[in-house]
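Novice: Next comes target03.txt, compact mmCIF, C-alpha atoms:
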```txt
# COMPACT_ATOMS: atom_id res chain seq x y z
CA MET A 1 -140.19 -60.89 -159.37
CA ASN A 2 -140.60 -64.46 -158.30
CA LYS A 3 -137.62 -65.50 -156.30
CA ILE A 4 -138.94 -67.19 -153.22
CA LYS A 5 -142.00 -69.06 -154.38
CA PRO A 6 -140.18 -71.53 -156.60
CA ILE A 7 -137.94 -72.75 -153.83
CA LEU A 8 -140.89 -73.11 -151.53
CA ILE A 9 -142.77 -75.08 -154.15
CA PHE A 10 -139.73 -77.23 -154.54
CA LEU A 11 -139.45 -77.78 -150.84
CA VAL A 12 -143.08 -78.75 -150.47
CA VAL A 13 -142.88 -81.07 -153.46
CA PHE A 14 -139.87 -82.62 -151.88
CA LEU A 15 -141.54 -82.91 -148.50
CA LEU A 16 -144.88 -84.22 -149.60
CA THR A 17 -144.18 -86.44 -152.57
CA SER A 18 -142.04 -89.40 -153.37
CA SER A 19 -139.67 -89.13 -156.27
CA ALA A 20 -137.30 -91.03 -158.47
CA CYS A 21 -134.43 -90.02 -156.24
CA SER A 22 -133.44 -91.00 -152.77
CA ARG A 23 -133.67 -88.61 -149.83
CA ALA A 24 -129.93 -88.64 -149.51
CA GLY A 25 -129.69 -87.68 -153.19
CA PHE A 26 -131.84 -84.63 -152.59
CA ASP A 27 -129.53 -83.39 -149.93
CA LYS A 28 -126.88 -82.53 -152.49
CA PRO A 29 -128.76 -79.81 -154.45
CA ILE A 30 -130.32 -78.51 -151.26
CA VAL A 31 -126.97 -78.19 -149.55
CA LYS A 32 -125.52 -76.57 -152.69
CA PHE A 33 -128.36 -74.06 -152.82
CA GLN A 34 -128.05 -73.34 -149.12
CA GLY A 35 -124.30 -72.85 -149.30
CA ALA A 36 -124.43 -70.64 -152.39
CA SER A 37 -127.24 -68.51 -150.94
CA LEU A 38 -125.15 -68.08 -147.83
CA VAL A 39 -122.23 -66.78 -149.91
CA VAL A 40 -124.46 -64.32 -151.79
CA ILE A 41 -125.98 -62.98 -148.59
CA GLU A 42 -122.62 -62.72 -146.82
CA SER A 43 -121.23 -60.83 -149.84
CA SER A 44 -124.18 -58.45 -149.67
CA LYS A 45 -123.45 -57.88 -146.00
CA THR A 46 -119.84 -57.08 -146.88
CA ILE A 47 -120.92 -54.43 -149.38
CA PHE A 48 -123.24 -52.80 -146.83
CA SER A 49 -120.70 -52.88 -144.03
CA GLU A 50 -118.11 -51.23 -146.28
CA LEU A 51 -120.40 -48.45 -147.48
CA ASN A 52 -119.67 -45.85 -144.80
CA LYS A 53 -115.98 -46.79 -144.74
CA VAL A 54 -115.75 -46.03 -148.46
CA GLU A 55 -117.15 -42.53 -147.88
CA ARG A 56 -114.89 -41.87 -144.91
CA ASP A 57 -111.80 -43.04 -146.74
CA GLN A 58 -112.66 -40.98 -149.80
CA TYR A 59 -113.04 -37.85 -147.69
CA ILE A 60 -109.72 -38.47 -145.91
CA LEU A 61 -107.83 -39.19 -149.14
CA GLU A 62 -109.23 -36.05 -150.72
CA LYS A 63 -108.00 -34.03 -147.74
CA LEU A 64 -104.60 -35.68 -148.06
CA ARG A 65 -104.43 -34.88 -151.76
CA LYS A 66 -105.28 -31.23 -151.14
CA ARG A 67 -103.15 -31.09 -147.99
CA GLU A 68 -106.16 -29.87 -146.01
CA GLU A 69 -107.35 -30.47 -142.47
CA ILE A 70 -109.58 -33.42 -141.66
CA GLN A 71 -112.69 -32.31 -139.78
CA LEU A 72 -114.89 -34.84 -138.06
CA ILE A 73 -117.99 -32.73 -138.50
CA GLU A 74 -117.48 -32.87 -142.27
CA LEU A 75 -116.57 -36.53 -142.13
CA GLU A 76 -119.86 -37.37 -140.38
CA LYS A 77 -121.79 -35.67 -143.17
CA THR A 78 -120.33 -38.04 -145.75
CA GLN A 79 -121.91 -41.11 -144.15
CA VAL A 80 -124.72 -42.55 -146.27
CA PHE A 81 -126.47 -44.62 -143.62
CA SER A 82 -126.57 -44.12 -139.88
CA ARG A 83 -125.05 -46.95 -137.85
CA GLU A 84 -128.56 -48.01 -136.87
CA ALA A 85 -129.71 -48.07 -140.50
CA LEU A 86 -126.75 -50.22 -141.48
CA LYS A 87 -127.33 -52.59 -138.59
CA VAL A 88 -130.97 -53.26 -139.46
CA ARG A 89 -130.06 -53.92 -143.10
CA MET A 90 -127.53 -56.49 -142.02
CA ASP A 91 -130.00 -57.93 -139.52
CA ALA A 92 -132.55 -58.22 -142.34
CA LEU A 93 -130.06 -60.14 -144.47
CA GLU A 94 -129.31 -62.39 -141.53
CA ALA A 95 -133.04 -62.98 -140.98
CA LEU A 96 -133.50 -63.88 -144.66
CA LYS A 97 -130.64 -66.33 -144.44
CA ARG A 98 -131.96 -67.97 -141.27
CA TYR A 99 -135.49 -68.12 -142.68
CA GLY A 100 -134.19 -69.93 -145.77
CA GLU A 101 -132.23 -72.31 -143.59
CA LEU A 102 -135.30 -73.01 -141.48
CA LEU A 103 -137.39 -73.86 -144.55
CA MET A 104 -134.63 -76.12 -145.80
CA GLU A 105 -134.49 -77.78 -142.39
CA ALA A 106 -138.25 -78.25 -142.40
CA ALA A 107 -138.04 -79.99 -145.74
CA LYS A 108 -135.35 -82.45 -144.82
CA SER A 109 -135.31 -82.77 -141.06
CA ASP A 110 -136.90 -85.43 -138.90
CA SER A 111 -136.50 -83.21 -135.86
CA PRO A 112 -139.53 -80.95 -135.13
CA THR A 113 -137.87 -80.00 -131.86
CA LYS A 114 -134.92 -78.48 -133.68
CA ILE A 115 -137.23 -76.63 -136.08
CA LYS A 116 -139.28 -75.29 -133.19
CA ALA A 117 -136.21 -74.05 -131.34
CA GLU A 118 -134.90 -72.24 -134.41
CA ALA A 119 -138.36 -70.78 -135.16
CA ILE A 120 -138.53 -69.36 -131.64
CA ASN A 121 -135.06 -67.81 -131.97
CA LEU A 122 -135.75 -66.40 -135.40
CA GLY A 123 -139.11 -65.04 -134.25
CA GLU A 124 -137.33 -63.05 -131.54
CA ALA A 125 -134.77 -61.75 -134.04
CA ILE A 126 -137.53 -60.60 -136.40
CA LYS A 127 -139.39 -58.86 -133.57
CA ASN A 128 -136.19 -56.97 -132.75
CA LEU A 129 -135.64 -56.15 -136.41
CA SER A 130 -139.16 -54.77 -136.70
CA SER A 131 -138.80 -52.70 -133.56
CA GLU A 132 -135.40 -51.26 -134.52
CA THR A 133 -136.51 -50.51 -138.08
CA SER A 134 -139.56 -48.57 -136.96
CA SER A 135 -137.33 -46.20 -134.98
CA LEU A 136 -135.22 -45.21 -138.02
CA THR A 137 -135.49 -41.60 -139.08
CA GLY A 138 -133.20 -41.33 -142.13
CA VAL A 139 -134.60 -40.00 -145.40
CA ASP A 140 -133.54 -43.15 -147.22
CA ASP A 141 -135.11 -45.49 -144.67
CA GLY A 142 -138.77 -45.08 -145.67
CA LYS A 143 -138.75 -47.78 -148.33
CA PHE A 144 -136.86 -50.13 -146.08
CA GLN A 145 -139.35 -49.58 -143.27
CA SER A 146 -142.25 -50.21 -145.68
CA ALA A 147 -140.66 -53.50 -146.69
CA VAL A 148 -139.79 -54.78 -143.22
CA GLY A 149 -143.30 -54.31 -141.76
CA PRO A 150 -145.13 -56.85 -143.97
CA PHE A 151 -142.10 -59.18 -143.92
CA ALA A 152 -142.14 -59.29 -140.13
CA THR A 153 -145.90 -59.83 -139.97
CA ILE A 154 -146.15 -62.67 -142.48
CA ILE A 155 -142.95 -64.43 -141.53
CA GLY A 156 -143.90 -64.08 -137.87
CA SER A 157 -147.11 -66.03 -138.51
CA VAL A 158 -145.24 -68.69 -140.50
CA LEU A 159 -142.84 -69.08 -137.60
CA ASN A 160 -145.75 -69.43 -135.16
CA LEU A 161 -147.02 -72.40 -137.18
CA PHE A 162 -143.58 -73.97 -137.00
CA ILE A 163 -143.56 -73.44 -133.25
CA GLU A 164 -146.96 -75.14 -133.01
CA GLY A 165 -145.52 -78.11 -134.90
CA LYS A 166 -147.72 -77.51 -137.97
CA ILE A 167 -144.90 -77.86 -140.47
CA GLN A 168 -147.01 -78.47 -143.55
CA ASP A 169 -149.29 -75.52 -142.71
CA ALA A 170 -146.24 -73.37 -142.18
CA LEU A 171 -144.77 -74.29 -145.55
CA ASN A 172 -148.13 -73.73 -147.28
CA LYS A 173 -148.45 -70.32 -145.68
CA ALA A 174 -144.89 -69.50 -146.66
CA ILE A 175 -145.71 -70.33 -150.30
CA ASN A 176 -149.04 -68.53 -150.42
CA GLU A 177 -148.21 -65.43 -148.42
CA GLY A 178 -144.45 -65.21 -147.96
CA GLU A 179 -143.44 -64.50 -151.53
CA LYS A 180 -144.56 -60.89 -151.80
CA PRO A 181 -143.10 -59.44 -148.59
CA ILE A 182 -139.83 -61.32 -149.00
CA ASN A 183 -139.42 -60.16 -152.58
CA ALA A 184 -140.23 -56.59 -151.55
CA LEU A 185 -137.54 -56.73 -148.88
CA ILE A 186 -134.99 -58.25 -151.28
CA GLN A 187 -135.73 -55.54 -153.83
CA VAL A 188 -135.11 -52.74 -151.34
CA LEU A 189 -131.87 -54.35 -150.18
CA ARG A 190 -130.83 -54.89 -153.78
CA SER A 191 -131.46 -51.27 -154.63
CA ASP A 192 -129.45 -50.10 -151.60
CA MET A 193 -126.65 -52.46 -152.62
CA GLN A 194 -126.50 -50.99 -156.12
CA LEU A 195 -126.21 -47.50 -154.67
CA ALA A 196 -123.40 -48.66 -152.41
CA TYR A 197 -121.60 -50.10 -155.42
CA GLN A 198 -121.84 -46.81 -157.31
CA ARG A 199 -120.26 -44.91 -154.45
CA ARG A 200 -117.50 -47.50 -154.15
CA LYS A 201 -116.82 -47.05 -157.86
CA THR A 202 -116.54 -43.28 -157.42
CA ALA A 203 -114.16 -43.72 -154.48
CA LEU A 204 -111.91 -46.22 -156.25
CA GLY A 205 -111.87 -43.99 -159.35
CA GLY A 206 -110.58 -41.14 -157.20
CA MET A 207 -107.85 -43.39 -155.84
CA ARG A 208 -106.76 -44.23 -159.41
CA VAL A 209 -105.99 -40.54 -159.93
CA LEU A 210 -104.28 -40.27 -156.56
CA PHE A 211 -101.87 -43.14 -157.25
CA VAL A 212 -101.07 -41.91 -160.76
CA GLN A 213 -100.38 -38.43 -159.40
CA GLU A 214 -98.10 -39.79 -156.67
CA TYR A 215 -96.10 -41.58 -159.38
CA LYS A 216 -95.92 -38.41 -161.48
CA LYS A 217 -94.82 -36.34 -158.49
CA GLU A 218 -91.83 -38.62 -157.98
CA LEU A 219 -91.12 -38.83 -161.71
CA ASP A 220 -91.09 -35.02 -162.00
CA LYS A 221 -88.08 -34.93 -159.70
CA GLY A 222 -86.04 -36.02 -162.72
CA ASN A 223 -82.53 -37.12 -161.76
CA MET A 224 -83.42 -36.60 -158.10
CA ALA A 225 -86.21 -39.17 -158.30
CA ASP A 226 -85.84 -42.03 -155.84
CA ALA A 227 -85.77 -45.24 -157.89
CA GLU A 228 -87.22 -47.33 -155.07
CA ARG A 229 -89.96 -44.82 -154.37
CA LEU A 230 -90.77 -44.66 -158.08
CA LYS A 231 -91.01 -48.44 -158.23
CA LEU A 232 -93.24 -48.43 -155.16
CA CYS A 233 -95.54 -45.85 -156.77
CA ALA A 234 -95.67 -47.88 -159.98
CA ASP A 235 -96.50 -51.03 -158.00
CA ARG A 236 -99.36 -49.17 -156.30
CA VAL A 237 -100.73 -48.13 -159.68
CA ILE A 238 -100.51 -51.74 -160.91
CA GLU A 239 -102.19 -53.08 -157.79
CA HIS A 240 -104.95 -50.51 -157.87
CA GLU A 241 -105.62 -50.90 -161.59
CA ASP A 242 -106.10 -54.63 -160.92
CA ARG A 243 -108.64 -53.78 -158.23
CA TRP A 244 -110.37 -51.32 -160.53
CA GLU A 245 -110.65 -53.90 -163.26
CA LYS A 246 -112.13 -56.39 -160.82
CA LEU A 247 -114.60 -53.82 -159.56
CA LEU A 248 -115.86 -53.13 -163.07
CA LEU A 249 -116.41 -56.84 -163.63
CA ILE A 250 -118.48 -57.19 -160.47
CA GLN A 251 -122.16 -56.47 -160.59
CA PRO A 252 -123.27 -56.72 -156.97
CA GLU A 253 -126.79 -57.68 -157.90
CA SER A 254 -125.46 -60.58 -159.98
CA GLY A 255 -125.38 -62.71 -156.85
CA LEU A 256 -129.10 -62.22 -156.43
CA ASP A 257 -129.59 -62.78 -160.15
CA ALA A 258 -127.73 -66.07 -159.86
CA MET A 259 -129.93 -66.98 -156.94
CA ALA A 260 -133.02 -66.16 -159.00
CA LYS A 261 -131.79 -68.46 -161.78
CA ALA A 262 -131.29 -71.22 -159.25
CA HIS A 263 -134.86 -70.70 -158.10
CA SER A 264 -136.04 -71.01 -161.68
CA ALA A 265 -134.20 -74.29 -161.97
CA LEU A 266 -135.91 -75.48 -158.83
CA VAL A 267 -139.37 -74.62 -160.08
CA THR A 268 -138.58 -76.22 -163.43
CA TYR A 269 -137.70 -79.37 -161.58
CA ALA A 270 -140.81 -79.15 -159.38
CA ASN A 271 -142.96 -78.89 -162.50
CA SER A 272 -141.19 -81.75 -164.27
CA LYS A 273 -141.92 -85.44 -164.02
CA ARG A 274 -138.91 -85.60 -161.75
CA LYS A 275 -137.11 -88.23 -163.72
CA ALA A 276 -133.45 -88.97 -163.19
CA SER A 277 -132.57 -86.66 -166.11
CA ASP A 278 -134.60 -83.81 -164.55
CA PHE A 279 -132.78 -84.37 -161.32
CA ALA A 280 -129.42 -84.31 -163.09
CA THR A 281 -130.34 -80.93 -164.63
CA LEU A 282 -131.29 -79.64 -161.20
CA VAL A 283 -128.00 -80.79 -159.70
CA GLU A 284 -126.11 -79.14 -162.56
CA SER A 285 -127.99 -75.86 -162.07
CA MET A 286 -127.13 -75.86 -158.37
CA GLU A 287 -123.49 -76.55 -159.21
CA ILE A 288 -123.49 -73.52 -161.54
CA PHE A 289 -125.13 -71.35 -158.88
CA ALA A 290 -122.61 -72.50 -156.30
CA SER A 291 -119.74 -71.74 -158.67
CA GLN A 292 -121.09 -68.27 -159.54
CA ALA A 293 -121.74 -67.45 -155.90
CA LEU A 294 -118.23 -68.51 -154.96
CA SER A 295 -116.74 -66.37 -157.71
CA ILE A 296 -118.79 -63.30 -156.72
CA GLY A 297 -118.02 -63.86 -153.05
CA GLN A 298 -114.28 -64.08 -153.68
CA ALA A 299 -114.29 -60.96 -155.87
CA ILE A 300 -116.14 -58.92 -153.26
CA ASN A 301 -113.84 -60.14 -150.50
CA GLU A 302 -110.79 -59.14 -152.54
CA LEU A 303 -112.14 -55.60 -152.73
CA LYS A 304 -112.90 -55.52 -149.03
CA ASN A 305 -109.57 -54.50 -147.55
CA LEU A 306 -108.71 -51.31 -149.37
CA MET B 1 -133.91 -42.33 -166.48
CA ASN B 2 -134.77 -43.35 -162.93
CA ARG B 3 -132.86 -42.46 -159.76
CA LEU B 4 -130.42 -45.35 -160.00
CA GLU B 5 -129.72 -44.69 -163.69
CA LEU B 6 -129.09 -41.04 -162.89
CA ILE B 7 -126.66 -42.02 -160.13
CA LYS B 8 -124.87 -44.39 -162.54
CA SER B 9 -124.72 -41.69 -165.21
CA VAL B 10 -123.12 -39.24 -162.78
CA GLY B 11 -120.68 -42.00 -161.78
CA ASP B 12 -119.75 -42.64 -165.41
CA ALA B 13 -119.03 -38.94 -165.91
CA ILE B 14 -116.83 -38.98 -162.79
CA THR B 15 -114.95 -41.98 -164.18
CA SER B 16 -114.36 -40.10 -167.44
CA ILE B 17 -113.06 -37.09 -165.55
CA ASP B 18 -110.74 -39.35 -163.54
CA ILE B 19 -109.22 -40.70 -166.75
CA LEU B 20 -108.41 -37.16 -167.83
CA LEU B 21 -107.10 -36.20 -164.39
CA GLY B 22 -104.79 -39.20 -164.52
CA SER B 23 -103.39 -38.05 -167.88
CA ASN B 24 -101.07 -35.32 -169.06
CA ILE B 25 -103.32 -32.27 -169.35
CA PRO B 26 -102.68 -28.53 -168.81
CA ASP B 27 -103.00 -27.21 -165.26
CA ASN B 28 -105.93 -24.90 -166.02
CA SER B 29 -107.88 -27.82 -167.50
CA ARG B 30 -106.93 -29.94 -164.49
CA ASN B 31 -108.25 -27.31 -162.08
CA THR B 32 -111.53 -27.05 -163.96
CA LEU B 33 -111.92 -30.82 -164.06
CA GLU B 34 -111.10 -31.22 -160.37
CA PHE B 35 -113.76 -28.65 -159.56
CA HIS B 36 -116.33 -30.46 -161.72
CA ARG B 37 -115.40 -33.79 -160.18
CA ASN B 38 -116.00 -32.46 -156.69
CA VAL B 39 -119.39 -31.07 -157.73
CA LEU B 40 -120.42 -34.38 -159.29
CA ASP B 41 -119.12 -36.38 -156.33
CA SER B 42 -121.19 -34.26 -153.93
CA ALA B 43 -124.18 -34.51 -156.27
CA GLN B 44 -123.92 -38.28 -156.42
CA LEU B 45 -123.69 -38.54 -152.63
CA LEU B 46 -126.80 -36.34 -152.30
CA LEU B 47 -128.67 -38.52 -154.80
CA VAL B 48 -127.66 -41.70 -152.96
CA LYS B 49 -128.62 -40.34 -149.54
CA ASN B 50 -132.01 -38.95 -150.51
CA GLN B 51 -135.24 -40.30 -151.95
CA PHE B 52 -137.13 -38.19 -154.50
CA ASP B 53 -139.85 -38.45 -157.09
CA ASP B 54 -138.29 -39.47 -160.41
CA ASN B 55 -141.57 -39.43 -162.31
CA THR B 56 -142.34 -35.73 -162.59
CA ALA B 57 -142.44 -34.09 -166.02
CA LEU B 58 -139.71 -31.64 -165.04
CA TYR B 59 -137.45 -34.44 -163.91
CA VAL B 60 -138.04 -36.48 -167.08
CA GLN B 61 -137.28 -33.44 -169.23
CA ALA B 62 -134.09 -32.68 -167.33
CA THR B 63 -132.84 -36.26 -167.63
CA LYS B 64 -133.45 -36.18 -171.39
CA GLU B 65 -131.13 -33.21 -171.59
CA LEU B 66 -128.62 -35.12 -169.49
CA THR B 67 -128.76 -38.08 -171.87
CA ASN B 68 -128.07 -35.77 -174.82
CA VAL B 69 -125.07 -34.20 -173.10
CA ASN B 70 -123.83 -37.62 -172.06
CA ASN B 71 -123.95 -38.82 -175.67
CA GLU B 72 -121.93 -35.80 -176.78
CA LEU B 73 -119.43 -36.39 -174.01
CA ALA B 74 -118.92 -40.02 -175.02
CA LYS B 75 -117.80 -38.92 -178.50
CA THR B 76 -114.79 -36.93 -177.29
CA ILE B 77 -113.90 -38.11 -173.81
CA LEU B 78 -110.91 -40.28 -174.68
CA ASP B 79 -109.53 -37.96 -177.36
CA ILE B 80 -106.96 -35.73 -175.68
CA ASN B 81 -106.94 -33.52 -178.81
CA LYS B 82 -110.55 -32.62 -178.12
CA LEU B 83 -109.96 -31.63 -174.51
CA ILE B 84 -111.58 -28.21 -174.84
CA GLU B 85 -114.70 -29.69 -176.39
CA THR B 86 -114.74 -32.41 -173.73
CA ILE B 87 -114.45 -29.91 -170.88
CA SER B 88 -117.23 -27.88 -172.44
CA ASN B 89 -119.45 -30.98 -172.50
CA ILE B 90 -118.50 -31.84 -168.92
CA THR B 91 -119.44 -28.32 -167.88
CA ARG B 92 -122.82 -28.75 -169.60
CA PHE B 93 -123.22 -32.10 -167.86
CA VAL B 94 -122.45 -30.60 -164.44
CA ASN B 95 -124.87 -27.70 -165.05
CA THR B 96 -127.60 -30.13 -166.07
CA VAL B 97 -127.03 -32.27 -162.98
CA THR B 98 -127.16 -29.14 -160.81
CA SER B 99 -130.47 -28.18 -162.43
CA LEU B 100 -131.75 -31.70 -161.78
CA LEU B 101 -130.87 -31.44 -158.11
CA LYS B 102 -132.95 -28.25 -157.97
CA VAL B 103 -135.82 -29.91 -159.81
CA VAL B 104 -135.98 -32.74 -157.26
CA GLY B 105 -135.56 -30.34 -154.34
CA LEU B 106 -132.18 -31.51 -153.08
CA ILE B 107 -130.60 -28.08 -153.49
CA PHE B 108 -132.12 -24.61 -153.76
```
Mind turning the file's structure into structure tokens?

Specialist:
Amino acid sequence: MNKIKPILIFLVVFLLTSSACSRAGFDKPIVKFQGASLVVIESSKTIFSELNKVERDQYILEKLRKREEIQLIELEKTQVFSREALKVRMDALEALKRYGELLMEAAKSDSPTKIKAEAINLGEAIKNLSSETSSLTGVDDGKFQSAVGPFATIIGSVLNLFIEGKIQDALNKAINEGEKPINALIQVLRSDMQLAYQRRKTALGGMRVLFVQEYKKELDKGNMADAERLKLCADRVIEHEDRWEKLLLIQPESGLDAMAKAHSALVTYANSKRKASDFATLVESMEIFASQALSIGQAINELKNL
Amino acid sequence: MNRLELIKSVGDAITSIDILLGSNIPDNSRNTLEFHRNVLDSAQLLLVKNQFDDNTALYVQATKELTNVNNELAKTILDINKLIETISNITRFVNTVTSLLKVVGLIF
């Protein structure tokens, strides 16, 4: 997978060469890319943060359906990730986001002081991430730990170059050495996200049955059925079926896929003669990415409060 | 069929069971299906929470069997007139998943 290198190539091309377009003109696709990436990463964070809640809620609803006791010891066993494991995954997403922002800033900013300050802050965050990740003990954390180690090492050295004011060296190192560890980390997060989605699907499927059964229970009362209650139950079925339909249309990894396509557009541009028409294609691609990211972000947010 | 595909396959079977549970079926069939759903739900959670080797010959063989059962299930799942056949296929599916969990060492 080649997700990071193209954007870095693009950034260096932008930084080091003149082009047919003005600097201000370049800001538009960069800002679009940055904004859309932010939406994709925030959506991913939403899915992770909801993972344990989905399991808890499913357990509680199942107990309600069976009219059984809720036991915290059983509830704890349903949790997929420990709180620590969830936190480091969200910290990793945050670090990826800030790293991308820093590279963008390096490409367009005239302020080395600002870049240095952010590099120092991000360096500290990555040190913490590395330290917290190494203390994880969950059976599903091994791959994540294997991915964070190289990421922290390579990105740490890139950040050191930024801190030393060697912006071009930092960008070159990011291109030559940053691609592999970043892609490895994204792949692990992507895999975890797909698993989270599958469990959400199972939970929402169970709720479909629950709402239909609640409707039937009222309906079975015949003439004694409460019309308002029946209408309420029907409304719940309608509302939940809408959610279910939306869930089936969402593919959580599609945000990352859209990001990958945007990267491809960037590398295509970097490899072009960078004429006005090439630039127009680039701008269009970033518009599409921004639109897709927005759509995915909205869909995931709609599913959030269940 | 890798780990993620297996997890998706179990999820698809659960979705099929949910459709039946949300329909007008006899109580004895409902009880059987609810039992199978719980087994598959627990199996899926186990598969999500644990890493395992999905390249062993035993695992590959077991997932082939699962694919066959899944194909049979797809033929009848939405036909309420074939409920008995569907439940029989679901039972086969659940048994195959249980065997898979043993193969990968998640249950004994």

Novice: Once you count all atoms listed in the file, which residues of chain A turn out to be within 8 Å of chain B? Could you give them as a PyMOL selection string?

Specialist: chain A and resi 78+80-81+139-140+194-195+198-199+201-202+205-206+208-209+212-213

Novice: Show which residues sit within 8 Å of stretch 80-89 of chain B, as a short mmCIF file (atom, residue, chain, number, x, y, z; two decimals) with C-alpha atoms, in the frame of the given file. Count all atoms listed in the file, and ignore same-chain residues fewer than 5 positions away.

Specialist:
```
data_model
loop_
_atom_site.label_atom_id
_atom_site.label_comp_id
_atom_site.auth_asym_id
_atom_site.auth_seq_id
_atom_site.Cartn_x
_atom_site.Cartn_y
_atom_site.Cartn_z
CA SER B 29 -107.88 -27.82 -167.50
CA LEU B 33 -111.92 -30.82 -164.06
CA VAL B 69 -125.07 -34.20 -173.10
CA ASN B 70 -123.83 -37.62 -172.06
CA GLU B 72 -121.93 -35.80 -176.78
CA LEU B 73 -119.43 -36.39 -174.01
#
```

Novice: Hey, can you check how far atom CA of A:Tyr215 sits from atom CA of A:Trp244?

Specialist: 17.3 Å

Novice: Can you work out which one of B:Leu6, B:Phe108, B:Val103, B:Thr32 has the shortest atom-to-atom distance to B:Leu58, counting all atoms listed in the file?

Specialist: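 Smallest distance to B:Leu58 is found for B:Val103.
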
Novice: Hey, which of B:Ile107, B:Thr96, B:Glu34, B:Leu101 ends up closest to B:Thr67? Count only C-alpha atoms.

Specialist: B:Thr96

Novice: Quick one: residues within 9 Å of stretch 286-298 of chain A, only C-alpha atoms, excluding same-chain residues fewer than 6 positions away - as number ranges by chain?

Specialist: A: 28-30, 32-33, 35-40, 42-44, 250-252, 254-255, 258-259, 261-262, 265-266

Novice: Write the residues of the preceding selection, restricted to C-alpha atoms, as a PDB file, in the coordinates of the input.

Specialist:
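The result, written out as again.pdb:
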```
ATOM      1  CA  LYS A  28    -126.880 -82.530-152.490  1.00  0.00           C
ATOM      2  CA  PRO A  29    -128.760 -79.810-154.450  1.00  0.00           C
ATOM      3  CA  ILE A  30    -130.320 -78.510-151.260  1.00  0.00           C
ATOM      4  CA  LYS A  32    -125.520 -76.570-152.690  1.00  0.00           C
ATOM      5  CA  PHE A  33    -128.360 -74.060-152.820  1.00  0.00           C
ATOM      6  CA  GLY A  35    -124.300 -72.850-149.300  1.00  0.00           C
ATOM      7  CA  ALA A  36    -124.430 -70.640-152.390  1.00  0.00           C
ATOM      8  CA  SER A  37    -127.240 -68.510-150.940  1.00  0.00           C
ATOM      9  CA  LEU A  38    -125.150 -68.080-147.830  1.00  0.00           C
ATOM     10  CA  VAL A  39    -122.230 -66.780-149.910  1.00  0.00           C
ATOM     11  CA  VAL A  40    -124.460 -64.320-151.790  1.00  0.00           C
ATOM     12  CA  GLU A  42    -122.620 -62.720-146.820  1.00  0.00           C
ATOM     13  CA  SER A  43    -121.230 -60.830-149.840  1.00  0.00           C
ATOM     14  CA  SER A  44    -124.180 -58.450-149.670  1.00  0.00           C
ATOM     15  CA  ILE A 250    -118.480 -57.190-160.470  1.00  0.00           C
ATOM     16  CA  GLN A 251    -122.160 -56.470-160.590  1.00  0.00           C
ATOM     17  CA  PRO A 252    -123.270 -56.720-156.970  1.00  0.00           C
ATOM     18  CA  SER A 254    -125.460 -60.580-159.980  1.00  0.00           C
ATOM     19  CA  GLY A 255    -125.380 -62.710-156.850  1.00  0.00           C
ATOM     20  CA  ALA A 258    -127.730 -66.070-159.860  1.00  0.00           C
ATOM     21  CA  MET A 259    -129.930 -66.980-156.940  1.00  0.00           C
ATOM     22  CA  LYS A 261    -131.790 -68.460-161.780  1.00  0.00           C
ATOM     23  CA  ALA A 262    -131.290 -71.220-159.250  1.00  0.00           C
ATOM     24  CA  ALA A 265    -134.200 -74.290-161.970  1.00  0.00           C
ATOM     25  CA  LEU A 266    -135.910 -75.480-158.830  1.00  0.00           C
TER      26      LEU A 266
END
```

Novice: Could you state the separation of atom CA of A:Ala152 and atom CA of A:Glu177 in Å, given to one decimal place?

Specialist: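 Computing the Euclidean distance for atom CA of A:Ala152 and atom CA of A:Glu177 yields 12.0 Å.
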
Novice: Counting all atoms listed in the file, which residue out of B:Ile90, B:Val60, B:Leu106, B:Leu100 sits closest to B:Ile77?

Specialist: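 Checking each of B:Ile90, B:Val60, B:Leu106, B:Leu100 against B:Ile77, counting all atoms listed in the file, the winner is B:Ile90.
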